[in-house]
Amino acid sequence: MQSIGEAFGLALQLVASGDGDLLEIVLLSLRVSLTATAVACLIGLPIGALVAIGRFSGRGAVLIVMNALMGLPPVVVGLVVYLHLSRSGPLGFLGLLYTPTAMIIAQTILIAPIVAALSRQVLEDLHAEYAEQFRSLCLTRLQTVQALIWDARYSLLTVGLAGFGRAVAEVGAVIIVGGNIDHLTRVMTTAIALETSKGDLALALALGLILLVIALGVNAAVQSVRMTAARHAHV
Amino acid sequence: MRKRALGAATLAILLAGQACAQDQSIIVQSTTSTANSGLYDYLLPIFQEKTGIEVNVVAVGTGQAIRNAENCDGDVLLVHAKPSEEKFVEAGYGTSRTDLMYNDFIIVGPEADPAGVGGSDDVQGALAKIAEQGALFASRGDDSGTHKKEMALWSDAGVDPTAASGDWYRETGSGMGATLNAAIGMGAYVMTDRATWISFGNKQDYQIAVQGDEDMFNQYGVIPVSPDHCPSVNTEAAQTFADWLVSAEGQTAIAGYTVADQQLFFPNAPSN
């Protein structure tokens, strides 16, 4: 149990010392996971919106699949991406394996279904409220989607944060496609896995605490944007 | 176009009198023990300083490292499972295999020593005793070099531990460090390479129980991946790295790596 107390001290010490390696790892974690979140939103939001307002046969099945894909195991995603990006795989010629790009691809695949499924739910609920109004205004489908997304923007921010949380916390996918290469593809979670396997549990835990603080920081930043925007909206 | 630009850059560097090619980098598919013990952190800066070649290490179990290399996802293979390595070269995936260095395997166990094998230097006898007593034993169970060696030792001892899998024989299916953590958590004996053990940070009350048997010798080999099989490999840089490791200079560097005043790896490349 002394590990936990030790970890707190170590985490503070690491942050205070301004360790260059740690900063590099933190920045790469943020870069990979934030990019993956942005791309996943670009893909997942429109899909979620279309399914939310669409009425088509087989919609029930699509919903089940979308919701089920939220539970994609990271290791499986990592393995599938590895097999495609491997030099002997179909996309091997791109030379992307063991690069941050490969990690972004894997995390995007992992969280796009989360963004799609959650935004579908948010937008569908909202649509149910406004459907008659939209009909009376004779809005086109595109205008409907735009209006819904704008109106639900704060809820959708939370959807994005859920995706980011999943991305920044996963280790199974990035360790396979990134390879945990020092100074190249080592991120917070793979560094934690490495220190654990070295038996340096205190350092692993300290890195975990720092990761938690980073996630806290990102969420606080989004929250403050939201509050500032809300304040302006009421002026 | 790109080729010409590179050529110009090379010329400029040559004219400047530096044998340093900034863009050179290779990927080493490696076993975990060499990475977890800190050997690469010590060796690679020396090599990079000398050649300018950046070495990126992907540290996984020997089995996975070999498969990754077969998929052309590395330029050099550095593992410890001689029969598998020779098969790798025979199948045309690698150019040639060279003995690089060795250390040895040990069996560590809790201070209480439930099977009474502490202080033994007879690995067969110790394993037979552990099986007989049904004392907990944690295995990598992941097709790694260490796992393959462990299975060979069980077979020499005339025991099939997998028959007791889930009972006293616990296969973790994970890396050396994770398996050590698990073994220590449940009070099981576990076989590890000495280098990983010396630098391992979570030993608790664990001690070396069995060591010193010649059968527990752990040979590492280095193999550049063949450009005939994988046109994408950086042949020249890979060969430079492999050559340096087995050169007098590389061997001296390996011998110079110590943790807690103990030498972890013993170079034994054939001198040419």
# chains A, B, ... in the order shown; residues from 1 in each chain; ligands from 1

call {"tool": "interface_residues", "arguments": {"of": "chain B", "to": "chain A", "cutoff": "8 Å", "atoms": "only C-alpha atoms", "output": "list in words"}}
result
Asn36, Ser37, Asn56, Val57, Val58, Ala59, Asn71, Cys72, Asp73, Gly175, Met176, Gly177, Ala178, Asn181, Thr196, Ser199, Phe200, Gly201, Asn202, Lys203 and Ser232 of chain B

call {"tool": "closest_residue", "arguments": {"among": "B:Gly187, B:Ala126, B:Ala69, B:Ala138", "to": "Val159 of chain B", "atoms": "only C-alpha atoms"}}
result
B:Ala126

call {"tool": "residues_around", "arguments": {"residues": "Ala112 of chain B", "least_positions_apart": "5", "cutoff": "10 Å", "atoms": "only C-alpha atoms", "output": "list in words"}}
result
Gly118, Gly187, Asp205, Tyr206 and Gln207 of chain B

call {"tool": "atom_distance", "arguments": {"atom1": "atom CA of Ala65 of chain B", "atom2": "atom CA of Val225 of chain B"}}
result
11.8 Å

call {"tool": "residues_around", "arguments": {"residues": "Phe266 of chain B", "least_positions_apart": "3", "cutoff": "12 Å", "atoms": "only C-alpha atoms", "output": "PDB file with C-alpha atoms, in the first residue's frame"}}
result
ATOM      1  CA  LEU B  39      20.254  -2.455 -21.913  1.00  0.00           C
ATOM      2  CA  ASP B  99      25.313 -15.404 -31.305  1.00  0.00           C
ATOM      3  CA  LEU B 100      25.341 -12.100 -29.481  1.00  0.00           C
ATOM      4  CA  MET B 101      25.443 -12.558 -25.739  1.00  0.00           C
ATOM      5  CA  TYR B 102      24.022 -14.661 -22.966  1.00  0.00           C
ATOM      6  CA  ASN B 103      22.725 -14.466 -19.481  1.00  0.00           C
ATOM      7  CA  ASP B 104      20.957 -17.147 -17.547  1.00  0.00           C
ATOM      8  CA  ARG B 194      18.454 -12.887 -14.518  1.00  0.00           C
ATOM      9  CA  ALA B 195      18.683  -9.479 -16.226  1.00  0.00           C
ATOM     10  CA  PHE B 217      21.831 -20.813 -20.112  1.00  0.00           C
ATOM     11  CA  ASN B 218      20.024 -18.116 -22.138  1.00  0.00           C
ATOM     12  CA  GLN B 219      21.552 -17.300 -25.525  1.00  0.00           C
ATOM     13  CA  TYR B 220      20.587 -14.174 -27.442  1.00  0.00           C
ATOM     14  CA  VAL B 246      29.034  -8.299 -32.510  1.00  0.00           C
ATOM     15  CA  GLY B 250      29.750  -3.470 -29.304  1.00  0.00           C
ATOM     16  CA  GLN B 251      30.685  -6.482 -27.203  1.00  0.00           C
ATOM     17  CA  THR B 252      32.683  -4.324 -24.801  1.00  0.00           C
ATOM     18  CA  ALA B 253      29.701  -1.979 -24.512  1.00  0.00           C
ATOM     19  CA  ILE B 254      27.368  -4.897 -23.690  1.00  0.00           C
ATOM     20  CA  ALA B 255      29.759  -6.152 -21.013  1.00  0.00           C
ATOM     21  CA  GLY B 256      29.931  -2.648 -19.567  1.00  0.00           C
ATOM     22  CA  TYR B 257      26.233  -2.475 -18.744  1.00  0.00           C
ATOM     23  CA  THR B 258      25.611  -3.045 -15.059  1.00  0.00           C
ATOM     24  CA  GLN B 262      26.053  -6.611 -11.486  1.00  0.00           C
ATOM     25  CA  GLN B 263      26.808  -7.339 -15.108  1.00  0.00           C
ATOM     26  CA  ALA B 269      29.800 -13.289 -30.315  1.00  0.00           C
TER      27      ALA B 269
END

call {"tool": "residues_around", "arguments": {"residues": "segment 167-171 of chain B", "least_positions_apart": "5", "cutoff": "10 Å", "atoms": "only C-alpha atoms", "output": "list in words"}}
result
Ile130, Ala131, Gln133, Gly134, Ala135, Leu136, Phe137, Ala138, Ser139, Arg140, Gly141, Asp142, His147, Pro161, Thr162, Thr179, Ala182, Ala183, Met186, Ala188, Tyr189 and Val190 of chain B

call {"tool": "write_last_selection", "arguments": {"atoms": "C-alpha atoms", "output": "mmCIF file, in the first residue's frame"}}
result
data_model
loop_
_atom_site.group_PDB
_atom_site.id
_atom_site.type_symbol
_atom_site.label_atom_id
_atom_site.label_comp_id
_atom_site.auth_asym_id
_atom_site.auth_seq_id
_atom_site.Cartn_x
_atom_site.Cartn_y
_atom_site.Cartn_z
ATOM 1 C CA ILE B 130 7.552 -28.347 -7.479
ATOM 2 C CA ALA B 131 5.266 -30.567 -9.572
ATOM 3 C CA GLN B 133 4.296 -30.882 -4.169
ATOM 4 C CA GLY B 134 1.823 -29.075 -6.399
ATOM 5 C CA ALA B 135 3.449 -25.783 -5.380
ATOM 6 C CA LEU B 136 2.164 -22.820 -7.371
ATOM 7 C CA PHE B 137 4.201 -22.094 -10.472
ATOM 8 C CA ALA B 138 3.529 -19.161 -12.800
ATOM 9 C CA SER B 139 4.395 -19.520 -16.466
ATOM 10 C CA ARG B 140 4.551 -16.914 -19.231
ATOM 11 C CA GLY B 141 2.404 -19.153 -21.429
ATOM 12 C CA ASP B 142 2.908 -16.737 -24.321
ATOM 13 C CA HIS B 147 8.297 -19.735 -22.230
ATOM 14 C CA PRO B 161 2.744 -29.106 -16.293
ATOM 15 C CA THR B 162 -0.009 -28.097 -18.722
ATOM 16 C CA THR B 179 4.100 -12.537 -15.023
ATOM 17 C CA ALA B 182 1.301 -11.988 -10.956
ATOM 18 C CA ALA B 183 3.553 -14.693 -9.491
ATOM 19 C CA MET B 186 -0.077 -15.275 -5.658
ATOM 20 C CA ALA B 188 4.083 -18.793 -7.040
ATOM 21 C CA TYR B 189 7.519 -19.874 -8.258
ATOM 22 C CA VAL B 190 8.409 -18.373 -11.606
#
